[in-house]
$ cat protein-v9.pdb   # PDB, C-alpha atoms (C1' of nucleotides)
ATOM      1  CA  MET I   1      14.584 -15.921  -0.811
ATOM      2  CA  GLU I   2      17.456 -14.702   1.332
ATOM      3  CA  PRO I   3      16.644 -12.085   3.919
ATOM      4  CA  ARG I   4      17.985  -8.606   3.230
ATOM      5  CA  THR I   5      20.786  -7.338   5.392
ATOM      6  CA  THR I   6      20.605  -4.140   7.383
ATOM      7  CA  GLU I   7      23.343  -2.716   5.186
ATOM      8  CA  ASP I   8      21.175  -3.125   2.105
ATOM      9  CA  ASP I   9      18.341  -1.330   3.779
ATOM     10  CA  ASP I  10      20.549   1.536   4.799
ATOM     11  CA  LEU I  11      21.947   1.984   1.314
ATOM     12  CA  VAL I  12      18.423   1.940  -0.092
ATOM     13  CA  ASP I  13      17.320   4.476   2.499
ATOM     14  CA  ALA I  14      20.263   6.715   1.623
ATOM     15  CA  LEU I  15      19.444   6.496  -2.089
ATOM     16  CA  VAL I  16      15.806   7.314  -1.423
ATOM     17  CA  ARG I  17      16.651  10.320   0.719
ATOM     18  CA  VAL I  18      19.103  11.636  -1.842
ATOM     19  CA  SER I  19      16.518  11.199  -4.554
ATOM     20  CA  PHE I  20      13.904  13.164  -2.655
ATOM     21  CA  VAL I  21      16.350  16.011  -2.075
ATOM     22  CA  VAL I  22      17.287  16.110  -5.749
ATOM     23  CA  MET I  23      13.628  15.925  -6.801
ATOM     24  CA  ALA I  24      12.645  18.666  -4.370
ATOM     25  CA  THR I  25      15.421  20.839  -5.778
ATOM     26  CA  LEU I  26      14.326  20.167  -9.338
ATOM     27  CA  ASN I  27      10.782  20.925  -8.299
ATOM     28  CA  THR I  28      11.806  24.268  -6.839
ATOM     29  CA  ILE I  29      13.752  25.213  -9.947
ATOM     30  CA  GLY I  30      10.784  24.206 -12.062
ATOM     31  CA  ALA I  31       8.466  26.294  -9.903
ATOM     32  CA  GLU I  32      10.722  29.327 -10.384
ATOM     33  CA  ASN I  33       9.904  29.008 -14.074
ATOM     34  CA  ASP I  34       6.315  27.845 -13.670
ATOM     35  CA  LEU I  35       7.215  24.389 -14.872
ATOM     36  CA  SER I  36       6.333  21.024 -13.398
ATOM     37  CA  LEU I  37       8.931  18.342 -12.940
ATOM     38  CA  THR I  38       7.474  16.557 -15.950
ATOM     39  CA  GLN I  39       7.773  19.639 -18.121
ATOM     40  CA  LEU I  40      11.350  20.018 -16.938
ATOM     41  CA  ARG I  41      12.039  16.428 -17.961
ATOM     42  CA  VAL I  42      10.517  16.970 -21.368
ATOM     43  CA  LEU I  43      12.745  19.970 -22.004
ATOM     44  CA  GLY I  44      15.759  18.115 -20.623
ATOM     45  CA  ILE I  45      15.254  15.262 -23.076
ATOM     46  CA  LEU I  46      14.941  17.670 -25.985
ATOM     47  CA  ARG I  47      18.337  19.130 -25.146
ATOM     48  CA  GLU I  48      19.979  16.272 -26.990
ATOM     49  CA  ARG I  49      17.203  14.816 -29.112
ATOM     50  CA  ARG I  50      14.462  15.614 -31.611
ATOM     51  CA  PRO I  51      12.055  12.747 -30.836
ATOM     52  CA  ARG I  52       8.615  11.965 -32.134
ATOM     53  CA  MET I  53       5.663  12.225 -29.780
ATOM     54  CA  ALA I  54       5.536   8.466 -29.257
ATOM     55  CA  GLU I  55       9.266   8.245 -28.491
ATOM     56  CA  LEU I  56       8.965  11.079 -26.012
ATOM     57  CA  ALA I  57       6.049   9.364 -24.306
ATOM     58  CA  LYS I  58       7.907   6.062 -24.133
ATOM     59  CA  HIS I  59      11.018   7.702 -22.735
ATOM     60  CA  LEU I  60       8.990   9.351 -19.974
ATOM     61  CA  GLY I  61       6.820   6.319 -19.331
ATOM     62  CA  LEU I  62       3.679   8.229 -20.282
ATOM     63  CA  LYS I  63       0.822   7.718 -22.726
ATOM     64  CA  LYS I  64       0.686   9.434 -26.107
ATOM     65  CA  SER I  65      -2.419  11.307 -25.073
ATOM     66  CA  THR I  66      -0.629  12.663 -22.018
ATOM     67  CA  MET I  67       2.204  13.916 -24.214
ATOM     68  CA  THR I  68      -0.237  15.869 -26.344
ATOM     69  CA  GLY I  69      -1.224  18.057 -23.396
ATOM     70  CA  LEU I  70       2.321  18.456 -22.107
ATOM     71  CA  VAL I  71       3.645  19.446 -25.516
ATOM     72  CA  ASP I  72       0.629  21.695 -26.165
ATOM     73  CA  ARG I  73       1.294  23.734 -23.048
ATOM     74  CA  ALA I  74       5.041  23.979 -23.579
ATOM     75  CA  GLU I  75       4.481  24.936 -27.203
ATOM     76  CA  GLN I  76       2.012  27.668 -26.241
ATOM     77  CA  ARG I  77       4.713  29.089 -24.001
ATOM     78  CA  GLY I  78       7.192  29.076 -26.860
ATOM     79  CA  LEU I  79       9.587  26.619 -25.222
ATOM     80  CA  LEU I  80       9.391  23.934 -27.882
ATOM     81  CA  ALA I  81       7.846  23.383 -31.298
ATOM     82  CA  ARG I  82       6.311  20.620 -33.412
ATOM     83  CA  ALA I  83       7.173  19.721 -36.998
ATOM     84  CA  THR I  84       5.817  16.984 -39.240
ATOM     85  CA  SER I  85       8.450  14.350 -39.911
ATOM     86  CA  ALA I  86      10.015  14.411 -43.348
ATOM     87  CA  ASP I  87       9.921  10.610 -43.399
ATOM     88  CA  ASP I  88       6.353   9.995 -42.307
ATOM     89  CA  ASP I  89       3.528  12.451 -42.611
ATOM     90  CA  ARG I  90       1.762  10.897 -39.642
ATOM     91  CA  ALA I  91       4.663  11.528 -37.286
ATOM     92  CA  THR I  92       5.383  14.717 -35.346
ATOM     93  CA  GLU I  93       8.854  15.671 -34.225
ATOM     94  CA  VAL I  94       9.391  17.843 -31.169
ATOM     95  CA  PHE I  95      12.335  20.148 -30.582
ATOM     96  CA  LEU I  96      13.431  23.027 -28.352
ATOM     97  CA  THR I  97      13.071  26.641 -29.429
ATOM     98  CA  SER I  98      15.983  28.932 -28.642
ATOM     99  CA  GLU I  99      14.007  30.214 -25.673
ATOM    100  CA  GLY I 100      13.503  26.653 -24.470
ATOM    101  CA  ALA I 101      17.190  25.917 -24.884
ATOM    102  CA  LYS I 102      18.054  29.003 -22.836
ATOM    103  CA  LEU I 103      15.687  27.900 -20.106
ATOM    104  CA  VAL I 104      17.213  24.425 -19.984
ATOM    105  CA  ALA I 105      20.715  25.874 -19.736
ATOM    106  CA  ARG I 106      19.651  28.187 -16.909
ATOM    107  CA  GLY I 107      17.912  25.323 -15.133
ATOM    108  CA  ARG I 108      20.978  23.148 -15.247
ATOM    109  CA  ALA I 109      23.111  25.961 -13.888
ATOM    110  CA  ARG I 110      20.594  26.566 -11.103
ATOM    111  CA  LEU I 111      20.603  22.889 -10.197
ATOM    112  CA  ALA I 112      24.375  22.734  -9.935
ATOM    113  CA  GLU I 113      24.213  25.924  -7.864
ATOM    114  CA  GLU I 114      21.647  24.446  -5.490
ATOM    115  CA  LEU I 115      23.505  21.169  -5.070
ATOM    116  CA  ALA I 116      26.953  22.758  -4.779
ATOM    117  CA  PRO I 117      26.659  23.358  -1.010
ATOM    118  CA  LEU I 118      26.019  19.640  -0.611
ATOM    119  CA  SER I 119      28.806  18.376  -2.829
ATOM    120  CA  ARG I 120      31.168  20.785  -1.077
ATOM    121  CA  ARG I 121      30.746  18.671   2.035
ATOM    122  CA  LEU I 122      32.900  16.095   0.287
ATOM    123  CA  SER I 123      36.539  16.456  -0.627
ATOM    124  CA  PRO I 124      37.214  16.687  -4.357
ATOM    125  CA  SER I 125      38.524  13.143  -4.351
ATOM    126  CA  ASP I 126      35.434  11.905  -2.510
ATOM    127  CA  GLN I 127      33.259  13.726  -5.030
ATOM    128  CA  ARG I 128      34.979  11.859  -7.829
ATOM    129  CA  LYS I 129      34.649   8.603  -5.907
ATOM    130  CA  LEU I 130      30.923   9.185  -5.372
ATOM    131  CA  GLN I 131      30.371   9.951  -9.017
ATOM    132  CA  THR I 132      32.265   6.826 -10.037
ATOM    133  CA  LEU I 133      30.282   4.599  -7.690
ATOM    134  CA  LEU I 134      26.962   6.022  -8.848
ATOM    135  CA  GLU I 135      27.867   5.576 -12.490
ATOM    136  CA  GLN I 136      29.071   2.054 -11.824
ATOM    137  CA  MET I 137      25.787   1.239 -10.121
ATOM    138  CA  PHE I 138      23.369   2.987 -12.471
ATOM    139  CA  GLU I 139      25.168   3.042 -15.805
ATOM    140  CA  PRO I 140      27.303  -0.074 -16.100
ATOM    141  CA  GLU I 141      29.442  -0.119 -19.231
ATOM    142  CA  GLU I 142      30.252  -3.807 -19.708
TER
ATOM    143  CA  MET N 143      30.227  33.892  -9.603
ATOM    144  CA  GLU N 144      32.846  31.262 -10.331
ATOM    145  CA  PRO N 145      32.265  29.021 -13.320
ATOM    146  CA  ARG N 146      31.315  25.445 -12.521
ATOM    147  CA  THR N 147      33.784  22.727 -13.300
ATOM    148  CA  THR N 148      33.022  19.791 -15.530
ATOM    149  CA  GLU N 149      33.419  17.507 -12.545
ATOM    150  CA  ASP N 150      30.614  19.306 -10.722
ATOM    151  CA  ASP N 151      28.337  18.916 -13.699
ATOM    152  CA  ASP N 152      29.047  15.245 -13.986
ATOM    153  CA  LEU N 153      28.360  14.586 -10.335
ATOM    154  CA  VAL N 154      25.120  16.526 -10.603
ATOM    155  CA  ASP N 155      24.163  14.567 -13.701
ATOM    156  CA  ALA N 156      24.888  11.299 -11.925
ATOM    157  CA  LEU N 157      22.771  12.328  -8.941
ATOM    158  CA  VAL N 158      19.914  13.343 -11.222
ATOM    159  CA  ARG N 159      19.994  10.074 -13.138
ATOM    160  CA  VAL N 160      20.091   8.050  -9.947
ATOM    161  CA  SER N 161      17.184  10.031  -8.600
ATOM    162  CA  PHE N 162      15.074   9.400 -11.671
ATOM    163  CA  VAL N 163      15.757   5.673 -11.475
ATOM    164  CA  VAL N 164      14.823   5.560  -7.792
ATOM    165  CA  MET N 165      11.704   7.648  -8.409
ATOM    166  CA  ALA N 166      10.657   5.481 -11.346
ATOM    167  CA  THR N 167      11.061   2.410  -9.150
ATOM    168  CA  LEU N 168       9.030   3.974  -6.363
ATOM    169  CA  ASN N 169       6.445   4.971  -8.919
ATOM    170  CA  THR N 170       6.168   1.398 -10.177
ATOM    171  CA  ILE N 171       5.835   0.011  -6.679
ATOM    172  CA  GLY N 172       3.189   2.623  -5.950
ATOM    173  CA  ALA N 173       1.322   1.701  -9.128
ATOM    174  CA  GLU N 174       1.307  -1.959  -8.076
ATOM    175  CA  ASN N 175      -0.743  -0.808  -5.111
ATOM    176  CA  ASP N 176      -2.687   1.934  -6.883
ATOM    177  CA  LEU N 177      -0.798   4.590  -4.988
ATOM    178  CA  SER N 178       0.858   7.732  -6.281
ATOM    179  CA  LEU N 179       4.363   8.684  -5.256
ATOM    180  CA  THR N 180       2.885  11.309  -2.959
ATOM    181  CA  GLN N 181       0.607   8.804  -1.266
ATOM    182  CA  LEU N 182       3.600   6.532  -0.833
ATOM    183  CA  ARG N 183       5.490   9.373   0.821
ATOM    184  CA  VAL N 184       2.602  10.110   3.144
ATOM    185  CA  LEU N 185       2.492   6.512   4.294
ATOM    186  CA  GLY N 186       6.281   6.419   4.592
ATOM    187  CA  ILE N 187       6.279   9.391   6.922
ATOM    188  CA  LEU N 188       3.582   7.859   9.093
ATOM    189  CA  ARG N 189       5.747   4.808   9.610
ATOM    190  CA  GLU N 190       7.611   6.633  12.345
ATOM    191  CA  ARG N 191       5.346   9.536  13.217
ATOM    192  CA  ARG N 192       1.835  10.570  14.158
ATOM    193  CA  PRO N 193       1.829  14.110  12.791
ATOM    194  CA  ARG N 194      -0.898  16.705  12.543
ATOM    195  CA  MET N 195      -2.216  17.669   9.151
ATOM    196  CA  ALA N 196      -0.160  20.862   9.101
ATOM    197  CA  GLU N 197       3.043  19.049  10.043
ATOM    198  CA  LEU N 198       2.453  16.484   7.355
ATOM    199  CA  ALA N 199       1.889  19.214   4.781
ATOM    200  CA  LYS N 200       5.015  21.057   5.824
ATOM    201  CA  HIS N 201       7.102  17.909   5.711
ATOM    202  CA  LEU N 202       5.947  17.181   2.169
ATOM    203  CA  GLY N 203       6.149  20.791   1.028
ATOM    204  CA  LEU N 204       2.417  20.879   0.306
ATOM    205  CA  LYS N 205      -0.491  23.074   1.320
ATOM    206  CA  LYS N 206      -2.912  22.117   4.081
ATOM    207  CA  SER N 207      -5.750  22.006   1.601
ATOM    208  CA  THR N 208      -3.815  19.532  -0.528
ATOM    209  CA  MET N 209      -3.274  17.289   2.488
ATOM    210  CA  THR N 210      -6.992  17.141   3.109
ATOM    211  CA  GLY N 211      -7.585  15.406  -0.209
ATOM    212  CA  LEU N 212      -4.588  13.093   0.084
ATOM    213  CA  VAL N 213      -5.548  12.003   3.581
ATOM    214  CA  ASP N 214      -9.222  11.701   2.597
ATOM    215  CA  ARG N 215      -8.420   9.228  -0.166
ATOM    216  CA  ALA N 216      -5.969   7.174   1.889
ATOM    217  CA  GLU N 217      -8.442   7.119   4.770
ATOM    218  CA  GLN N 218     -11.235   5.897   2.512
ATOM    219  CA  ARG N 219      -8.977   3.039   1.503
ATOM    220  CA  GLY N 220      -8.356   2.165   5.123
ATOM    221  CA  LEU N 221      -4.603   2.831   4.999
ATOM    222  CA  LEU N 222      -4.553   5.566   7.624
ATOM    223  CA  ALA N 223      -6.894   7.243  10.068
ATOM    224  CA  ARG N 224      -7.564  10.635  11.621
ATOM    225  CA  ALA N 225      -8.001  11.424  15.322
ATOM    226  CA  THR N 226      -8.593  14.712  17.090
ATOM    227  CA  SER N 227      -5.567  15.708  19.140
ATOM    228  CA  ALA N 228      -5.892  15.310  22.902
ATOM    229  CA  ASP N 229      -4.029  18.588  23.348
ATOM    230  CA  ASP N 230      -5.907  20.795  20.926
ATOM    231  CA  ASP N 231      -9.406  20.199  19.685
ATOM    232  CA  ARG N 232      -8.649  22.037  16.448
ATOM    233  CA  ALA N 233      -5.821  19.713  15.502
ATOM    234  CA  THR N 234      -6.082  16.405  13.696
ATOM    235  CA  GLU N 235      -3.508  13.664  14.087
ATOM    236  CA  VAL N 236      -2.884  11.163  11.310
ATOM    237  CA  PHE N 237      -1.604   7.633  11.763
ATOM    238  CA  LEU N 238      -1.276   4.334   9.904
ATOM    239  CA  THR N 239      -3.833   1.582  10.255
ATOM    240  CA  SER N 240      -2.468  -1.938  10.522
ATOM    241  CA  GLU N 241      -3.308  -2.431   6.862
ATOM    242  CA  GLY N 242      -1.380   0.726   6.011
ATOM    243  CA  ALA N 243       1.586  -0.463   8.048
ATOM    244  CA  LYS N 244       1.554  -3.778   6.219
ATOM    245  CA  LEU N 245       1.529  -1.997   2.895
ATOM    246  CA  VAL N 246       4.479   0.191   3.882
ATOM    247  CA  ALA N 247       6.472  -2.833   4.997
ATOM    248  CA  ARG N 248       5.747  -4.613   1.740
ATOM    249  CA  GLY N 249       6.662  -1.505  -0.250
ATOM    250  CA  ARG N 250      10.008  -1.177   1.447
ATOM    251  CA  ALA N 251      10.797  -4.810   0.815
ATOM    252  CA  ARG N 252       9.819  -4.419  -2.841
ATOM    253  CA  LEU N 253      12.035  -1.370  -3.199
ATOM    254  CA  ALA N 254      15.068  -3.142  -1.770
ATOM    255  CA  GLU N 255      14.274  -6.043  -4.066
ATOM    256  CA  GLU N 256      14.100  -3.803  -7.125
ATOM    257  CA  LEU N 257      17.298  -1.948  -6.301
ATOM    258  CA  ALA N 258      19.248  -5.038  -5.264
ATOM    259  CA  PRO N 259      20.373  -5.878  -8.833
ATOM    260  CA  LEU N 260      21.888  -2.425  -9.020
ATOM    261  CA  SER N 261      23.660  -2.425  -5.686
ATOM    262  CA  ARG N 262      25.018  -5.858  -6.505
ATOM    263  CA  ARG N 263      27.089  -4.219  -9.199
ATOM    264  CA  LEU N 264      29.217  -2.844  -6.375
ATOM    265  CA  SER N 265      31.411  -4.842  -4.037
ATOM    266  CA  PRO N 266      30.188  -4.912  -0.431
ATOM    267  CA  SER N 267      32.921  -2.517   0.564
ATOM    268  CA  ASP N 268      31.985  -0.129  -2.269
ATOM    269  CA  GLN N 269      28.362  -0.339  -1.187
ATOM    270  CA  ARG N 270      29.376   0.767   2.285
ATOM    271  CA  LYS N 271      31.560   3.506   0.824
ATOM    272  CA  LEU N 272      28.697   4.767  -1.337
ATOM    273  CA  GLN N 273      26.327   4.817   1.583
ATOM    274  CA  THR N 274      28.849   6.718   3.690
ATOM    275  CA  LEU N 275      29.464   9.321   1.006
ATOM    276  CA  LEU N 276      25.752   9.868   0.426
ATOM    277  CA  GLU N 277      25.089  10.247   4.129
ATOM    278  CA  GLN N 278      28.010  12.608   4.475
ATOM    279  CA  MET N 279      26.683  14.723   1.642
ATOM    280  CA  PHE N 280      22.979  14.684   2.468
ATOM    281  CA  GLU N 281      22.882  14.165   6.212
ATOM    282  CA  PRO N 282      25.921  15.811   7.756
ATOM    283  CA  GLU N 283      26.294  15.215  11.484
ATOM    284  CA  GLU N 284      28.882  17.848  12.409
TER
ATOM    285  C1'  DT Y 285      -7.615  37.634  16.936
ATOM    286  C1'  DA Y 286      -4.870  33.831  15.449
ATOM    287  C1'  DT Y 287      -4.596  29.051  14.216
ATOM    288  C1'  DT Y 288      -6.222  24.307  12.435
ATOM    289  C1'  DG Y 289      -8.376  22.170   9.143
ATOM    290  C1'  DT Y 290     -11.964  21.898   5.407
ATOM    291  C1'  DT Y 291     -14.490  23.484   1.312
ATOM    292  C1'  DA Y 292     -14.891  25.629  -3.233
ATOM    293  C1'  DT Y 293     -12.679  26.400  -7.365
ATOM    294  C1'  DA Y 294      -9.346  26.039 -11.056
ATOM    295  C1'  DC Y 295      -5.421  24.130 -13.529
ATOM    296  C1'  DT Y 296      -1.982  20.455 -14.521
ATOM    297  C1'  DC Y 297      -0.905  15.582 -14.941
ATOM    298  C1'  DT Y 298      -2.361  11.179 -15.991
ATOM    299  C1'  DA Y 299      -4.994   7.270 -18.146
ATOM    300  C1'  DT Y 300      -8.631   5.004 -21.232
ATOM    301  C1'  DA Y 301     -11.353   4.981 -25.217
ATOM    302  C1'  DA Y 302     -12.778   6.741 -29.541
ATOM    303  C1'  DC Y 303     -11.407   9.234 -33.474
ATOM    304  C1'  DT Y 304      -8.650  11.260 -37.815
ATOM    305  C1'  DA Y 305      -5.140  11.010 -41.068
ATOM    306  C1'  DT Y 306      -1.529   8.636 -43.124
ATOM    307  C1'  DA Y 307       1.008   4.287 -44.299
TER
ATOM    308  C1'  DT E 308      -5.380  -2.942 -41.623
ATOM    309  C1'  DA E 309      -2.006  -0.831 -38.673
ATOM    310  C1'  DT E 310       0.240   3.220 -36.823
ATOM    311  C1'  DA E 311       0.877   8.304 -35.168
ATOM    312  C1'  DG E 312      -1.230  11.581 -32.974
ATOM    313  C1'  DT E 313      -5.371  14.135 -31.107
ATOM    314  C1'  DT E 314      -9.758  14.707 -28.679
ATOM    315  C1'  DA E 315     -13.077  13.709 -25.058
ATOM    316  C1'  DT E 316     -13.588  12.472 -20.585
ATOM    317  C1'  DA E 317     -12.549  11.413 -15.838
ATOM    318  C1'  DG E 318      -9.800  11.150 -11.572
ATOM    319  C1'  DA E 319      -5.762  12.570  -8.740
ATOM    320  C1'  DG E 320      -2.513  16.167  -7.255
ATOM    321  C1'  DT E 321      -1.716  20.895  -6.558
ATOM    322  C1'  DA E 322      -2.597  25.901  -5.223
ATOM    323  C1'  DT E 323      -5.405  30.065  -3.707
ATOM    324  C1'  DA E 324      -9.089  32.037  -1.278
ATOM    325  C1'  DA E 325     -12.876  31.851   1.800
ATOM    326  C1'  DC E 326     -14.796  29.614   5.660
ATOM    327  C1'  DA E 327     -15.942  27.112  10.444
ATOM    328  C1'  DA E 328     -14.410  25.743  14.816
ATOM    329  C1'  DT E 329     -11.334  26.198  18.490
ATOM    330  C1'  DA E 330      -7.637  28.620  21.089
TER
END

$ encode --input "protein-v9.pdb" --output "structure tokens"
Amino acid sequence: MEPRTTEDDDLVDALVRVSFVVMATLNTIGAENDLSLTQLRVLGILRERRPRMAELAKHLGLKKSTMTGLVDRAEQRGLLARATSADDDRATEVFLTSEGAKLVARGRARLAEELAPLSRRLSPSDQRKLQTLLEQMFEPEE
Amino acid sequence: MEPRTTEDDDLVDALVRVSFVVMATLNTIGAENDLSLTQLRVLGILRERRPRMAELAKHLGLKKSTMTGLVDRAEQRGLLARATSADDDRATEVFLTSEGAKLVARGRARLAEELAPLSRRLSPSDQRKLQTLLEQMFEPEE
DNA sequence: TATTGTTATACTCTATAACTATA
DNA sequence: TATAGTTATAGAGTATAACAATA
């Protein structure tokens, strides 16, 4: 049980502060479209996938019953749709509608727009360096 | 309206992924103590401050009426307390109890513990570099 | 009158438990 | 019998509007 160094703490603090800024920005963009952060995440996942309800819940760390409500509300707004799986009549697949896809694209553009003033504080080479370090830390390739 | 570069997108994506990992970790640590992320934030703020209800709400981007409930529940659990301001009888100051302070200290230690495996993927000098870049981007000193 | 905080109300997010339909 | 998803219910987080107390 080695004691943590001050440097560790400071890196953790920096990561936490960054995360709150990013989350607050996502929250604002969601609010512009009357969407919660969770709804935004749901739509973001569907950008590249067509998961079943249970997969979606697992990916978000939520319960199946919670997904039902989330998907219900997004479906009522025409942002996504349900379809019974061809493989298994018990399973329901979820996918974006074209309106949902448009919203996701706009949201991503808005996010980049909101964060641009921050990333501009770094030189292009520092931006690349930051990206590399983050990927190395959070998405190791080994 | 200049088009965004791919590099911008990738940095944004990296920041978003990092943020979700950090938030998920905070969420888990909160859950270990039956605290929501918001409650955790409230306690975190009180670590260094003794704000009024309105200041607390502003800092968290919430409404005064929302703070009432959050503070009510944390107060019932003995994690924080209210006191009427000496300056203004209308105002209520909020501060950590010793139990609340203990919980915050434990939470911070747990967070560093959870994130340590990730930061260890970087060399000490890269860890410092990452911290510097994040601070430069999110907390400019000019 | 203006400000600080609370109360009343309503909706979303979340979980647990019980249920339906299909495998 | 087991699995996928929904429904019923309850508690927490959030906002808006109306209110009480103090400035």

$ interface_residues --input "protein-v9.pdb" --of "chain Y" --to "chain I" --cutoff "10 Å" --atoms "only C-alpha atoms (C1' of nucleotides)" --output "VMD selection string"
chain Y and resid 296 to 300 305 to 307

$ interface_residues --input "protein-v9.pdb" --of "chain E" --to "chain I" --cutoff "9 Å" --atoms "all atoms listed in the file" --output "PyMOL selection string"
chain E and resi 310-314

$ closest_residue --input "protein-v9.pdb" --among "I:Arg41, I:Lys102, I:Arg47, I:Lys58" --to "chain N" --atoms "all atoms listed in the file"
I:Arg41

$ residues_around --input "protein-v9.pdb" --residues "segment 104-118 of chain I" --least-positions-apart "6" --cutoff "7 Å" --atoms "all atoms listed in the file" --output "MDAnalysis selection string"
(chainID I and resid 26 29 43:44) or (chainID N and resid 151 154 279:280)

$ resolve_selection --input "protein-v9.pdb" --expression "the PyMOL selection byres ((chain N) within 7 of (chain I))" --output "VMD selection string"
chain N and resid 151 153 to 154 156 158 160 to 161 164 254 260 to 261 263 to 264 272 to 273 275 to 277 279 to 280

$ build_atoms --input "protein-v9.pdb" --residues "segment 157-163 of chain N" --atoms "all heavy atoms" --output "compact mmCIF listing (two decimals), in the coordinates of the input"
# COMPACT_ATOMS: atom_id res chain seq x y z
N LEU N 157 23.78 12.28 -10.00
CA LEU N 157 22.77 12.33 -8.94
C LEU N 157 21.37 12.42 -9.54
O LEU N 157 20.43 11.77 -9.05
CB LEU N 157 23.02 13.54 -8.03
CG LEU N 157 24.25 13.43 -7.12
CD1 LEU N 157 24.57 14.78 -6.48
CD2 LEU N 157 24.02 12.37 -6.03
N VAL N 158 21.23 13.19 -10.59
CA VAL N 158 19.91 13.34 -11.22
C VAL N 158 19.46 12.02 -11.83
O VAL N 158 18.32 11.59 -11.65
CB VAL N 158 19.94 14.45 -12.30
CG1 VAL N 158 18.66 14.43 -13.13
CG2 VAL N 158 20.12 15.81 -11.64
N ARG N 159 20.38 11.35 -12.52
CA ARG N 159 19.99 10.07 -13.14
C ARG N 159 19.61 9.04 -12.09
O ARG N 159 18.62 8.33 -12.23
CB ARG N 159 21.12 9.55 -14.04
CG ARG N 159 20.94 10.03 -15.48
CD ARG N 159 22.00 9.42 -16.35
NE ARG N 159 23.30 9.72 -15.77
CZ ARG N 159 24.27 10.42 -16.39
NH1 ARG N 159 24.08 10.85 -17.59
NH2 ARG N 159 25.41 10.65 -15.79
N VAL N 160 20.41 8.97 -11.04
CA VAL N 160 20.09 8.05 -9.95
C VAL N 160 18.71 8.36 -9.39
O VAL N 160 17.89 7.46 -9.17
CB VAL N 160 21.14 8.18 -8.82
CG1 VAL N 160 20.65 7.49 -7.56
CG2 VAL N 160 22.48 7.63 -9.28
N SER N 161 18.46 9.64 -9.20
CA SER N 161 17.18 10.03 -8.60
C SER N 161 16.01 9.63 -9.48
O SER N 161 14.99 9.17 -8.98
CB SER N 161 17.17 11.54 -8.36
OG SER N 161 18.21 11.89 -7.47
N PHE N 162 16.18 9.78 -10.79
CA PHE N 162 15.07 9.40 -11.67
C PHE N 162 14.85 7.89 -11.65
O PHE N 162 13.71 7.43 -11.70
CB PHE N 162 15.30 9.90 -13.10
CG PHE N 162 14.88 11.34 -13.29
CD1 PHE N 162 15.78 12.30 -13.69
CD2 PHE N 162 13.57 11.72 -13.03
CE1 PHE N 162 15.39 13.63 -13.85
CE2 PHE N 162 13.16 13.05 -13.17
CZ PHE N 162 14.08 14.00 -13.59
N VAL N 163 15.91 7.13 -11.55
CA VAL N 163 15.76 5.67 -11.48
C VAL N 163 15.03 5.30 -10.18
O VAL N 163 14.08 4.50 -10.19
CB VAL N 163 17.13 4.96 -11.54
CG1 VAL N 163 16.96 3.48 -11.22
CG2 VAL N 163 17.77 5.15 -12.90
